[in-house]
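Asker: What follows is start03.json, JSON, C-alpha atoms.
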```json
[["chain", "number", "residue", "atom", "x", "y", "z"],
["A", 9, "MET", "CA", 67.00, 87.33, 137.29],
["A", 10, "LYS", "CA", 68.45, 89.98, 135.01],
["A", 11, "VAL", "CA", 67.04, 91.39, 131.77],
["A", 12, "TYR", "CA", 69.26, 92.63, 128.94],
["A", 13, "PHE", "CA", 67.99, 94.76, 126.06],
["A", 14, "ILE", "CA", 70.16, 94.13, 123.02],
["A", 15, "GLY", "CA", 70.15, 96.13, 119.80],
["A", 16, "ALA", "CA", 71.00, 93.51, 117.19],
["A", 17, "GLY", "CA", 72.15, 96.02, 114.57],
["A", 18, "PRO", "CA", 70.85, 96.51, 111.04],
["A", 19, "GLY", "CA", 70.16, 92.84, 110.26],
["A", 20, "ALA", "CA", 73.18, 90.76, 109.27],
["A", 21, "SER", "CA", 73.95, 88.31, 112.05],
["A", 22, "ASP", "CA", 77.61, 89.38, 112.17],
["A", 23, "LEU", "CA", 76.77, 93.03, 112.72],
["A", 24, "ILE", "CA", 75.58, 92.42, 116.26],
["A", 25, "THR", "CA", 78.23, 93.62, 118.74],
["A", 26, "LEU", "CA", 80.68, 91.26, 120.39],
["A", 27, "ARG", "CA", 79.09, 92.07, 123.75],
["A", 28, "GLY", "CA", 75.55, 91.48, 122.47],
["A", 29, "ALA", "CA", 76.53, 88.11, 120.99],
["A", 30, "ASN", "CA", 78.31, 87.10, 124.21],
["A", 31, "ILE", "CA", 75.21, 87.83, 126.25],
["A", 32, "LEU", "CA", 73.02, 85.89, 123.80],
["A", 33, "GLY", "CA", 75.39, 82.95, 124.34],
["A", 34, "ARG", "CA", 74.78, 83.03, 128.09],
["A", 35, "VAL", "CA", 71.10, 83.68, 128.71],
["A", 36, "SER", "CA", 68.41, 81.03, 129.14],
["A", 37, "MET", "CA", 65.57, 82.91, 127.47],
["A", 38, "VAL", "CA", 65.54, 85.18, 124.42],
["A", 39, "LEU", "CA", 62.60, 87.24, 123.20],
["A", 40, "TYR", "CA", 62.86, 88.55, 119.65],
["A", 41, "ALA", "CA", 60.57, 90.14, 117.07],
["A", 42, "GLY", "CA", 60.64, 87.49, 114.35],
["A", 43, "SER", "CA", 59.14, 89.99, 111.92],
["A", 44, "LEU", "CA", 62.29, 92.13, 112.18],
["A", 45, "VAL", "CA", 65.16, 90.05, 113.51],
["A", 46, "PRO", "CA", 66.43, 87.44, 111.00],
["A", 47, "THR", "CA", 66.50, 83.87, 112.39],
["A", 48, "ASP", "CA", 70.21, 83.78, 111.53],
["A", 49, "MET", "CA", 70.75, 86.00, 114.56],
["A", 50, "LEU", "CA", 69.58, 83.15, 116.83],
["A", 51, "GLN", "CA", 72.74, 81.16, 116.05],
["A", 52, "HIS", "CA", 74.39, 83.21, 118.82],
["A", 53, "CYS", "CA", 71.98, 81.81, 121.40],
["A", 54, "ARG", "CA", 72.63, 78.90, 123.73],
["A", 55, "PRO", "CA", 71.39, 75.64, 122.14],
["A", 56, "ASP", "CA", 69.08, 75.02, 125.09],
["A", 57, "ALA", "CA", 67.79, 78.60, 125.33],
["A", 58, "GLU", "CA", 64.05, 79.16, 125.24],
["A", 59, "LEU", "CA", 63.41, 81.26, 122.11],
["A", 60, "ILE", "CA", 60.19, 83.25, 121.96],
["A", 61, "ASP", "CA", 59.08, 85.06, 118.80],
["A", 62, "THR", "CA", 57.16, 88.07, 120.10],
["A", 63, "ALA", "CA", 55.72, 88.79, 116.66],
["A", 64, "LYS", "CA", 53.38, 85.87, 117.29],
["A", 65, "LEU", "CA", 52.25, 87.18, 120.68],
["A", 66, "ASP", "CA", 49.71, 89.89, 121.41],
["A", 67, "LEU", "CA", 50.70, 92.88, 123.53],
["A", 68, "GLU", "CA", 49.24, 91.41, 126.72],
["A", 69, "GLN", "CA", 51.24, 88.20, 126.31],
["A", 70, "GLN", "CA", 54.40, 90.22, 125.55],
["A", 71, "GLU", "CA", 54.07, 92.15, 128.78],
["A", 72, "ALA", "CA", 53.22, 89.12, 130.89],
["B", 10, "MET", "CA", 100.37, 93.53, 88.13],
["B", 11, "SER", "CA", 99.88, 92.98, 91.80],
["B", 12, "LEU", "CA", 96.43, 93.05, 93.34],
["B", 13, "LEU", "CA", 95.44, 95.84, 95.66],
["B", 14, "GLY", "CA", 94.92, 95.03, 99.31],
["B", 15, "THR", "CA", 91.51, 95.68, 100.84],
["B", 16, "PHE", "CA", 90.89, 98.78, 102.93],
["B", 17, "ARG", "CA", 88.55, 98.32, 105.88],
["B", 18, "GLY", "CA", 87.14, 101.04, 108.09],
["B", 19, "ILE", "CA", 86.34, 99.83, 111.57],
["B", 20, "GLY", "CA", 84.40, 101.79, 114.16],
["B", 21, "VAL", "CA", 85.48, 100.27, 117.47],
["B", 22, "GLY", "CA", 82.60, 101.80, 119.41],
["B", 23, "PRO", "CA", 82.94, 103.69, 122.66],
["B", 24, "GLY", "CA", 85.29, 102.07, 125.13],
["B", 25, "PRO", "CA", 86.48, 98.51, 125.67],
["B", 26, "ALA", "CA", 83.07, 97.02, 126.45],
["B", 27, "GLY", "CA", 82.89, 94.95, 123.26],
["B", 28, "TYR", "CA", 80.66, 97.39, 121.39],
["B", 29, "ILE", "CA", 82.17, 96.30, 118.09],
["B", 30, "PRO", "CA", 80.39, 94.13, 115.51],
["B", 31, "LEU", "CA", 81.50, 90.50, 115.15],
["B", 32, "ALA", "CA", 82.22, 91.14, 111.46],
["B", 33, "ALA", "CA", 84.60, 93.96, 112.39],
["B", 34, "VAL", "CA", 86.47, 91.74, 114.86],
["B", 35, "GLU", "CA", 86.94, 89.20, 112.08],
["B", 36, "ALA", "CA", 88.13, 91.93, 109.70],
["B", 37, "LEU", "CA", 90.70, 93.01, 112.31],
["B", 38, "GLN", "CA", 92.09, 89.49, 112.41],
["B", 39, "GLN", "CA", 92.47, 89.55, 108.61],
["B", 40, "ALA", "CA", 94.27, 92.89, 108.47],
["B", 41, "ASP", "CA", 98.01, 92.91, 107.82],
["B", 42, "ILE", "CA", 98.29, 96.46, 109.09],
["B", 43, "ILE", "CA", 96.00, 98.28, 111.53],
["B", 44, "TYR", "CA", 96.16, 102.07, 111.56],
["B", 45, "ALA", "CA", 95.10, 103.63, 114.85],
["B", 46, "PRO", "CA", 94.81, 107.40, 114.98],
["B", 47, "ARG", "CA", 95.85, 109.15, 118.17],
["B", 48, "ALA", "CA", 95.30, 112.79, 119.04],
["B", 49, "ARG", "CA", 98.63, 114.58, 119.51],
["B", 50, "THR", "CA", 97.40, 115.72, 122.90],
["B", 51, "SER", "CA", 96.69, 112.15, 124.02],
["B", 52, "GLU", "CA", 99.26, 109.68, 125.32],
["B", 53, "THR", "CA", 97.52, 106.57, 124.14],
["B", 54, "SER", "CA", 95.21, 105.86, 121.24],
["B", 55, "VAL", "CA", 91.65, 105.77, 122.53],
["B", 56, "ALA", "CA", 90.74, 103.52, 119.58],
["B", 57, "LEU", "CA", 93.32, 100.95, 120.72],
["B", 58, "GLN", "CA", 92.06, 101.17, 124.30],
["B", 59, "CYS", "CA", 88.64, 100.22, 122.96],
["B", 60, "LEU", "CA", 90.08, 96.97, 121.62],
["B", 61, "ALA", "CA", 91.24, 95.78, 125.04],
["B", 62, "GLY", "CA", 90.49, 92.08, 125.35],
["B", 63, "ILE", "CA", 90.76, 91.43, 121.60],
["B", 64, "ALA", "CA", 94.02, 89.72, 120.74],
["B", 65, "ILE", "CA", 95.99, 91.65, 118.12],
["B", 66, "ALA", "CA", 99.69, 91.21, 117.39],
["B", 67, "GLN", "CA", 101.45, 94.42, 118.34],
["B", 68, "GLU", "CA", 103.58, 94.44, 115.19],
["B", 69, "ARG", "CA", 100.51, 94.91, 113.00],
["B", 70, "ILE", "CA", 99.57, 98.17, 114.69],
["B", 71, "ARG", "CA", 100.63, 101.57, 113.36],
["B", 72, "GLU", "CA", 99.74, 104.46, 115.63],
["B", 73, "ILE", "CA", 99.40, 107.71, 113.76],
["B", 74, "GLU", "CA", 99.43, 111.07, 115.42],
["B", 75, "PHE", "CA", 97.07, 113.65, 114.10],
["B", 76, "ASN", "CA", 96.47, 117.28, 114.90],
["B", 77, "MET", "CA", 93.10, 118.67, 115.78],
["B", 78, "ASP", "CA", 94.02, 121.69, 113.71],
["B", 79, "PRO", "CA", 91.12, 124.07, 113.12],
["B", 80, "ASP", "CA", 92.76, 125.16, 109.87],
["B", 81, "ARG", "CA", 91.07, 123.03, 107.20],
["B", 82, "SER", "CA", 93.90, 123.34, 104.68],
["B", 83, "VAL", "CA", 96.47, 122.05, 107.22],
["B", 84, "LEU", "CA", 94.13, 119.17, 108.01],
["B", 85, "SER", "CA", 93.55, 118.17, 104.42],
["B", 86, "GLU", "CA", 97.28, 118.22, 103.73],
["B", 87, "HIS", "CA", 97.80, 115.99, 106.74],
["B", 88, "TYR", "CA", 95.17, 113.49, 105.61],
["B", 89, "ALA", "CA", 96.46, 113.49, 102.04],
["B", 90, "GLU", "CA", 99.89, 112.54, 103.37],
["B", 91, "LEU", "CA", 98.48, 109.75, 105.52],
["B", 92, "ALA", "CA", 96.37, 108.48, 102.64],
["B", 93, "GLU", "CA", 99.51, 108.29, 100.51],
["B", 94, "THR", "CA", 101.21, 106.12, 103.13],
["B", 95, "ILE", "CA", 98.18, 103.83, 103.34],
["B", 96, "ALA", "CA", 97.92, 103.68, 99.54],
["B", 97, "ALA", "CA", 101.53, 102.44, 99.37],
["B", 98, "ASP", "CA", 100.63, 99.54, 101.69],
["B", 99, "LEU", "CA", 97.53, 98.69, 99.66],
["B", 100, "ARG", "CA", 99.54, 98.68, 96.41],
["B", 101, "LYS", "CA", 101.80, 96.05, 97.95],
["B", 102, "GLY", "CA", 98.70, 93.89, 98.35],
["B", 103, "LEU", "CA", 98.53, 94.37, 102.11],
["B", 104, "ASN", "CA", 95.14, 94.41, 103.79],
["B", 105, "VAL", "CA", 94.70, 97.56, 105.82],
["B", 106, "ALA", "CA", 92.27, 98.33, 108.64],
["B", 107, "TYR", "CA", 91.71, 101.88, 109.85],
["B", 108, "LEU", "CA", 90.30, 102.32, 113.33],
["B", 109, "THR", "CA", 88.06, 105.08, 114.55],
["B", 110, "ILE", "CA", 86.29, 105.42, 117.86],
["B", 111, "GLY", "CA", 82.51, 105.28, 117.68],
["B", 112, "ASP", "CA", 81.24, 104.89, 114.12],
["B", 113, "SER", "CA", 83.57, 105.41, 111.14],
["B", 114, "MET", "CA", 81.03, 107.44, 109.19],
["B", 115, "THR", "CA", 79.87, 109.75, 111.98],
["B", 116, "TYR", "CA", 82.03, 112.87, 112.38],
["B", 117, "SER", "CA", 85.19, 110.86, 111.98],
["B", 118, "THR", "CA", 88.61, 111.31, 110.37],
["B", 119, "TYR", "CA", 87.81, 108.20, 108.34],
["B", 120, "GLY", "CA", 85.71, 110.24, 105.92],
["B", 121, "TYR", "CA", 88.73, 112.34, 104.93],
["B", 122, "ILE", "CA", 91.00, 109.32, 104.56],
["B", 123, "LEU", "CA", 88.53, 107.37, 102.47],
["B", 124, "ALA", "CA", 87.95, 110.30, 100.10],
["B", 125, "ALA", "CA", 91.70, 110.86, 99.69],
["B", 126, "LEU", "CA", 92.36, 107.14, 99.12],
["B", 127, "ARG", "CA", 89.69, 106.96, 96.45],
["B", 128, "GLU", "CA", 91.46, 109.74, 94.59],
["B", 129, "TYR", "CA", 94.70, 107.74, 94.52],
["B", 130, "LEU", "CA", 93.07, 104.35, 93.96],
["B", 131, "PRO", "CA", 89.68, 104.66, 92.26],
["B", 132, "ASP", "CA", 89.21, 100.86, 92.15],
["B", 133, "LEU", "CA", 90.13, 100.30, 95.78],
["B", 134, "PRO", "CA", 88.43, 97.24, 97.30],
["B", 135, "GLN", "CA", 86.94, 98.71, 100.45],
["B", 136, "ARG", "CA", 84.43, 97.99, 103.18],
["B", 137, "THR", "CA", 83.25, 100.04, 106.12],
["B", 138, "PHE", "CA", 81.81, 98.40, 109.22],
["B", 139, "PRO", "CA", 79.12, 100.32, 111.08],
["B", 140, "GLY", "CA", 79.91, 101.10, 114.69],
["B", 141, "ILE", "CA", 78.25, 102.20, 117.91],
["B", 142, "THR", "CA", 78.32, 105.99, 118.33],
["B", 143, "SER", "CA", 78.98, 107.79, 121.60],
["B", 144, "TYR", "CA", 75.41, 109.02, 121.70],
["B", 145, "ALA", "CA", 73.97, 105.54, 121.11],
["B", 146, "ALA", "CA", 76.05, 104.31, 124.04],
["B", 147, "ALA", "CA", 75.10, 107.29, 126.21],
["B", 148, "ALA", "CA", 71.41, 106.80, 125.42],
["B", 149, "SER", "CA", 71.64, 103.10, 126.36],
["B", 150, "ALA", "CA", 73.64, 103.78, 129.53],
["B", 151, "MET", "CA", 71.03, 106.20, 130.82],
["B", 152, "GLY", "CA", 67.85, 104.71, 129.35],
["B", 153, "TRP", "CA", 67.37, 107.92, 127.37],
["B", 154, "PRO", "CA", 65.52, 107.31, 124.04],
["B", 155, "LEU", "CA", 66.88, 109.26, 121.07],
["B", 156, "GLY", "CA", 63.41, 109.65, 119.66],
["B", 157, "VAL", "CA", 60.17, 107.74, 119.90],
["B", 158, "GLY", "CA", 57.30, 107.86, 117.43],
["B", 159, "LYS", "CA", 57.59, 110.96, 115.32],
["B", 160, "GLU", "CA", 59.94, 112.97, 117.50],
["B", 161, "ARG", "CA", 62.39, 115.02, 115.47],
["B", 162, "THR", "CA", 66.02, 114.38, 116.40],
["B", 163, "LEU", "CA", 68.93, 116.57, 115.31],
["B", 164, "ILE", "CA", 72.57, 115.49, 115.51],
["B", 165, "LEU", "CA", 74.60, 118.64, 115.73],
["B", 166, "PRO", "CA", 78.21, 119.74, 116.17],
["B", 167, "CYS", "CA", 77.95, 122.50, 118.78],
["B", 168, "PRO", "CA", 77.30, 125.92, 117.17],
["B", 169, "GLU", "CA", 79.48, 128.87, 118.09],
["B", 170, "ASP", "CA", 76.84, 130.91, 119.85],
["B", 171, "ALA", "CA", 73.90, 130.43, 122.19],
["B", 172, "ALA", "CA", 71.33, 132.07, 119.92],
["B", 173, "ALA", "CA", 72.00, 129.52, 117.15],
["B", 174, "LEU", "CA", 71.83, 126.59, 119.56],
["B", 175, "ARG", "CA", 68.62, 127.89, 121.12],
["B", 176, "GLN", "CA", 67.04, 128.01, 117.67],
["B", 177, "ASP", "CA", 68.11, 124.42, 116.94],
["B", 178, "ILE", "CA", 66.68, 123.22, 120.25],
["B", 179, "GLU", "CA", 63.41, 125.09, 119.73],
["B", 180, "SER", "CA", 62.89, 123.65, 116.25],
["B", 181, "HIS", "CA", 63.46, 119.99, 117.26],
["B", 182, "ASP", "CA", 62.26, 117.60, 119.94],
["B", 183, "ILE", "CA", 65.71, 116.21, 120.65],
["B", 184, "VAL", "CA", 69.20, 117.57, 119.93],
["B", 185, "VAL", "CA", 72.27, 115.37, 120.17],
["B", 186, "LEU", "CA", 75.10, 117.84, 120.71],
["B", 187, "MET", "CA", 78.65, 116.81, 119.80],
["B", 188, "LYS", "CA", 82.02, 118.59, 119.66],
["B", 189, "ILE", "CA", 81.11, 120.74, 122.67],
["B", 190, "GLY", "CA", 84.62, 121.26, 124.04],
["B", 191, "GLU", "CA", 85.17, 124.57, 125.76],
["B", 192, "ARG", "CA", 81.67, 125.76, 124.88],
["B", 193, "LEU", "CA", 80.19, 123.66, 127.70],
["B", 194, "PRO", "CA", 79.78, 126.54, 130.23],
["B", 195, "TRP", "CA", 77.53, 128.64, 128.02],
["B", 196, "VAL", "CA", 75.70, 125.57, 126.70],
["B", 197, "LEU", "CA", 74.78, 124.53, 130.25],
["B", 198, "ALA", "CA", 73.82, 128.12, 131.09],
["B", 199, "LEU", "CA", 71.49, 128.15, 128.10],
["B", 200, "LEU", "CA", 69.82, 124.86, 129.08],
["B", 201, "ARG", "CA", 69.25, 126.23, 132.59],
["B", 202, "GLU", "CA", 67.93, 129.52, 131.26],
["B", 203, "MET", "CA", 65.50, 127.60, 129.01],
["B", 204, "GLY", "CA", 64.41, 125.60, 132.07],
["B", 205, "ILE", "CA", 65.15, 122.26, 130.39],
["B", 206, "ALA", "CA", 68.42, 121.22, 132.07],
["B", 207, "GLU", "CA", 66.70, 118.48, 134.08],
["B", 208, "HIS", "CA", 65.41, 116.80, 130.90],
["B", 209, "CYS", "CA", 68.91, 116.61, 129.40],
["B", 210, "ALA", "CA", 71.76, 114.14, 129.87],
["B", 211, "PHE", "CA", 75.53, 114.43, 129.57],
["B", 212, "ALA", "CA", 78.23, 111.88, 128.85],
["B", 213, "ARG", "CA", 82.00, 112.32, 128.63],
["B", 214, "ARG", "CA", 84.49, 109.63, 127.63],
["B", 215, "ILE", "CA", 81.65, 107.13, 127.68],
["B", 216, "GLY", "CA", 82.77, 103.53, 128.04],
["B", 217, "LEU", "CA", 86.30, 104.48, 129.13],
["B", 218, "ALA", "CA", 87.63, 104.02, 132.66],
["B", 219, "ASP", "CA", 87.08, 107.67, 133.59],
["B", 220, "GLU", "CA", 83.64, 108.06, 132.00],
["B", 221, "MET", "CA", 81.30, 110.68, 133.37],
["B", 222, "LEU", "CA", 77.52, 110.38, 133.09],
["B", 223, "ALA", "CA", 74.82, 112.77, 134.27],
["B", 224, "ASP", "CA", 71.09, 112.20, 133.75],
["B", 225, "GLY", "CA", 69.82, 115.72, 134.35],
["B", 226, "VAL", "CA", 72.41, 118.48, 134.03],
["B", 227, "GLY", "CA", 70.95, 121.10, 136.39],
["B", 228, "ASP", "CA", 73.80, 120.60, 138.86],
["B", 229, "LEU", "CA", 76.53, 119.60, 136.43],
["B", 230, "CYS", "CA", 79.72, 121.58, 137.07],
["B", 231, "ALA", "CA", 80.92, 122.95, 133.75],
["B", 232, "THR", "CA", 84.58, 123.27, 134.75],
["B", 233, "SER", "CA", 84.96, 119.67, 135.91],
["B", 234, "ALA", "CA", 82.85, 118.21, 133.09],
["B", 235, "MET", "CA", 84.54, 120.12, 130.28],
["B", 236, "GLY", "CA", 86.76, 118.17, 127.92],
["B", 237, "TYR", "CA", 87.15, 116.14, 124.77],
["B", 238, "LEU", "CA", 84.71, 113.33, 123.82],
["B", 239, "ALA", "CA", 81.66, 114.93, 125.41],
["B", 240, "THR", "CA", 78.07, 114.53, 124.23],
["B", 241, "LEU", "CA", 74.87, 116.20, 125.41],
["B", 242, "LEU", "CA", 71.41, 114.71, 124.88],
["B", 243, "ILE", "CA", 68.99, 117.62, 124.92],
["B", 244, "ARG", "CA", 65.20, 117.60, 124.99],
["B", 245, "LYS", "CA", 62.69, 120.35, 125.63],
["B", 246, "THR", "CA", 60.15, 118.27, 127.52],
["B", 247, "PRO", "CA", 60.34, 115.54, 130.17],
["B", 248, "ARG", "CA", 60.72, 111.98, 128.90],
["B", 249, "GLU", "CA", 57.24, 110.67, 128.29],
["B", 250, "ARG", "CA", 55.83, 107.80, 130.28],
["B", 251, "ARG", "CA", 53.80, 105.71, 127.93],
["B", 252, "HIS", "CA", 52.66, 103.23, 130.55],
["B", 253, "ALA", "CA", 51.31, 104.06, 133.94]]
```
Taking this structure as input, can you express it in the form of structure tokens?
Answerer:
Amino acid sequence: MKVYFIGAGPGASDLITLRGANILGRVSMVLYAGSLVPTDMLQHCRPDAELIDTAKLDLEQQEA
Amino acid sequence: MSLLGTFRGIGVGPGPAGYIPLAAVEALQQADIIYAPRARTSETSVALQCLAGIAIAQERIREIEFNMDPDRSVLSEHYAELAETIAADLRKGLNVAYLTIGDSMTYSTYGYILAALREYLPDLPQRTFPGITSYAAAASAMGWPLGVGKERTLILPCPEDAAALRQDIESHDIVVLMKIGERLPWVLALLREMGIAEHCAFARRIGLADEMLADGVGDLCATSAMGYLATLLIRKTPRERRHA
């Protein structure tokens, strides 16, 4: 399994890089801070990807 | 009266890895003319190399040579001339994109062009797309944070002498050093003398085929590393480990 860290840019969903969006379109699981990353950004994800909003998790769950 | 075309500044990021925003790719497709600056010393435009893999019709591309002249008055004349050419396209209603490597607003020729264009065409419809800088890419490539918590980070074109640089390093936690060029030998000597070379990282031509990366610059050979498009990430202390 491989982990990618992706800077999504300043907010607008079309300001993510081409490479970042391509990776989002491939991976099976995406963790994102829902408090910061707009849900619009998730449109780049695979329809069957497991999406996890880390803002709703505590630190221990995030690290697990 | 014909409508003015739109002027778009596009930072293509470092190298052809796709470090360009989706919005900028779309803007490229909408441009009638794409200006790509090329250093007179370089055979190909680095900005165009960065777009490898993105389909663009060759006839829309205008490569423009520019001099890295240290004389500011020669430079400003040069940019004024180029801005005039671009303004003529915009007056015809053509949409123009102007490429820069990295980010358009970070130590880039784009700043000169935009200022000159605004003088000719005060009502110019214009948009600039933010790009990925060399130091953002270098930091990511080496897992080298550009500041955590309240660390003070300075982005600095390399000063002319070691005493000035030493002062900048001492008064900040992190210094991102750009435009190093032929100053690299004494810069590396200073980092070694300060005993911090192992905490620092170096990148040259990041993202391009011949990129050079060094995490820790204690052994970096100044003569082979010297050149254009080089960035140093400098910090006084080892990178902190927040988790055991």
Asker: Would you tabulate, counting only C-alpha atoms, all residues of chain A that have an atom at most 10 Å from an atom of chain B, showing the closest pair of atoms and their distance in Å to one decimal, sorted by chain then ascending number, as JSON lines?
Answerer:
```
{"residue": "A:Phe13", "atom": "CA", "partner": "B:Ser149", "partner_atom": "CA", "distance": 9.1}
{"residue": "A:Ile14", "atom": "CA", "partner": "B:Ser149", "partner_atom": "CA", "distance": 9.7}
{"residue": "A:Gly15", "atom": "CA", "partner": "B:Ser149", "partner_atom": "CA", "distance": 9.7}
{"residue": "A:Ala16", "atom": "CA", "partner": "B:Pro30", "partner_atom": "CA", "distance": 9.6}
{"residue": "A:Gly17", "atom": "CA", "partner": "B:Pro30", "partner_atom": "CA", "distance": 8.5}
{"residue": "A:Pro18", "atom": "CA", "partner": "B:Pro139", "partner_atom": "CA", "distance": 9.1}
{"residue": "A:Ala20", "atom": "CA", "partner": "B:Ala32", "partner_atom": "CA", "distance": 9.3}
{"residue": "A:Ser21", "atom": "CA", "partner": "B:Leu31", "partner_atom": "CA", "distance": 8.5}
{"residue": "A:Asp22", "atom": "CA", "partner": "B:Ala32", "partner_atom": "CA", "distance": 5.0}
{"residue": "A:Leu23", "atom": "CA", "partner": "B:Pro30", "partner_atom": "CA", "distance": 4.7}
{"residue": "A:Ile24", "atom": "CA", "partner": "B:Pro30", "partner_atom": "CA", "distance": 5.2}
{"residue": "A:Thr25", "atom": "CA", "partner": "B:Pro30", "partner_atom": "CA", "distance": 3.9}
{"residue": "A:Leu26", "atom": "CA", "partner": "B:Gly27", "partner_atom": "CA", "distance": 5.2}
{"residue": "A:Arg27", "atom": "CA", "partner": "B:Gly27", "partner_atom": "CA", "distance": 4.8}
{"residue": "A:Gly28", "atom": "CA", "partner": "B:Tyr28", "partner_atom": "CA", "distance": 7.9}
{"residue": "A:Ala29", "atom": "CA", "partner": "B:Leu31", "partner_atom": "CA", "distance": 8.0}
{"residue": "A:Asn30", "atom": "CA", "partner": "B:Gly27", "partner_atom": "CA", "distance": 9.1}
```
Asker: Go ahead and dump the residues you just picked, C-alpha atoms, as an mmCIF file, in the coordinates of the input.
Answerer:
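Once written, part.cif looks like this:
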```cif
data_model
loop_
_atom_site.group_PDB
_atom_site.id
_atom_site.type_symbol
_atom_site.label_atom_id
_atom_site.label_comp_id
_atom_site.auth_asym_id
_atom_site.auth_seq_id
_atom_site.Cartn_x
_atom_site.Cartn_y
_atom_site.Cartn_z
ATOM 1 C CA PHE A 13 67.990 94.760 126.060
ATOM 2 C CA ILE A 14 70.160 94.130 123.020
ATOM 3 C CA GLY A 15 70.150 96.130 119.800
ATOM 4 C CA ALA A 16 71.000 93.510 117.190
ATOM 5 C CA GLY A 17 72.150 96.020 114.570
ATOM 6 C CA PRO A 18 70.850 96.510 111.040
ATOM 7 C CA ALA A 20 73.180 90.760 109.270
ATOM 8 C CA SER A 21 73.950 88.310 112.050
ATOM 9 C CA ASP A 22 77.610 89.380 112.170
ATOM 10 C CA LEU A 23 76.770 93.030 112.720
ATOM 11 C CA ILE A 24 75.580 92.420 116.260
ATOM 12 C CA THR A 25 78.230 93.620 118.740
ATOM 13 C CA LEU A 26 80.680 91.260 120.390
ATOM 14 C CA ARG A 27 79.090 92.070 123.750
ATOM 15 C CA GLY A 28 75.550 91.480 122.470
ATOM 16 C CA ALA A 29 76.530 88.110 120.990
ATOM 17 C CA ASN A 30 78.310 87.100 124.210
#
```
Asker: May I ask for the distance between CA of Gly120 (chain B) and CA of Ala150 (chain B), given in Å to one decimal place?
Answerer: 27.3 Å
Asker: Record the distance separating CA of Ala36 (chain B) and CA of Ser113 (chain B), expressed in Å with one decimal.
Answerer: 14.3 Å
Asker: At a cut-off of 12 Å from (86.9, 110.0, 133.3) in the coordinates of the file, what residues are picked up using all atoms listed in the file, written as a list in words?
Answerer: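 Taken together, the residues in range are Gly24, Ala212, Arg213, Arg214, Ile215, Gly216, Leu217, Ala218, Asp219, Glu220, Met221, Leu222, Ser233, Ala234, Met235, Gly236, Tyr237, Leu238 and Ala239 of chain B.
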Asker: What lies within 12 Å of Ile60 (chain A) using all atoms listed in the file, ignoring chain neighbours under 3 positions off, as a PDB file with C-alpha atoms, keeping the file's coordinate frame?
Answerer:
```pdb
ATOM      1  CA  SER A  36      68.410  81.030 129.140  1.00  0.00           C
ATOM      2  CA  MET A  37      65.570  82.910 127.470  1.00  0.00           C
ATOM      3  CA  VAL A  38      65.540  85.180 124.420  1.00  0.00           C
ATOM      4  CA  LEU A  39      62.600  87.240 123.200  1.00  0.00           C
ATOM      5  CA  TYR A  40      62.860  88.550 119.650  1.00  0.00           C
ATOM      6  CA  ALA A  41      60.570  90.140 117.070  1.00  0.00           C
ATOM      7  CA  GLY A  42      60.640  87.490 114.350  1.00  0.00           C
ATOM      8  CA  VAL A  45      65.160  90.050 113.510  1.00  0.00           C
ATOM      9  CA  THR A  47      66.500  83.870 112.390  1.00  0.00           C
ATOM     10  CA  LEU A  50      69.580  83.150 116.830  1.00  0.00           C
ATOM     11  CA  CYS A  53      71.980  81.810 121.400  1.00  0.00           C
ATOM     12  CA  ALA A  57      67.790  78.600 125.330  1.00  0.00           C
ATOM     13  CA  ALA A  63      55.720  88.790 116.660  1.00  0.00           C
ATOM     14  CA  LYS A  64      53.380  85.870 117.290  1.00  0.00           C
ATOM     15  CA  LEU A  65      52.250  87.180 120.680  1.00  0.00           C
ATOM     16  CA  GLN A  69      51.240  88.200 126.310  1.00  0.00           C
ATOM     17  CA  GLN A  70      54.400  90.220 125.550  1.00  0.00           C
TER      18      GLN A  70
END
```
Asker: Rounded to one decimal in Å, what is the spacing between CA of Leu174 (chain B) and CA of Leu186 (chain B)?
Answerer: 9.4 Å
Asker: Tell me which protein, DNA and RNA residues are within 10 Å of Leu200 (chain B), counting only C-alpha atoms, leaving out same-chain ones fewer than 5 positions away, and put them as an MDAnalysis selection string.
Answerer: chainID B and resid 171 174:175 178 195 205:209 226:227 243:245
Asker: Could you complete region 120-126 of chain B so that it carries N, CA and C atoms, and give it back as a short mmCIF file (atom, residue, chain, number, x, y, z; two decimals), in the frame of the given file?
Answerer:
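As written to disk, rebuild-v5.cif reads:
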```cif
data_model
loop_
_atom_site.label_atom_id
_atom_site.label_comp_id
_atom_site.auth_asym_id
_atom_site.auth_seq_id
_atom_site.Cartn_x
_atom_site.Cartn_y
_atom_site.Cartn_z
N GLY B 120 86.31 109.65 107.13
CA GLY B 120 85.71 110.24 105.92
C GLY B 120 86.75 110.92 105.05
N TYR B 121 87.67 111.66 105.69
CA TYR B 121 88.73 112.34 104.93
C TYR B 121 89.66 111.32 104.28
N ILE B 122 90.05 110.31 105.06
CA ILE B 122 91.00 109.32 104.56
C ILE B 122 90.42 108.56 103.38
N LEU B 123 89.17 108.14 103.53
CA LEU B 123 88.53 107.37 102.47
C LEU B 123 88.45 108.18 101.17
N ALA B 124 88.05 109.45 101.29
CA ALA B 124 87.95 110.30 100.10
C ALA B 124 89.32 110.46 99.44
N ALA B 125 90.35 110.68 100.24
CA ALA B 125 91.70 110.86 99.69
C ALA B 125 92.19 109.57 99.02
N LEU B 126 91.92 108.43 99.67
CA LEU B 126 92.36 107.14 99.12
C LEU B 126 91.70 106.86 97.78
#
```
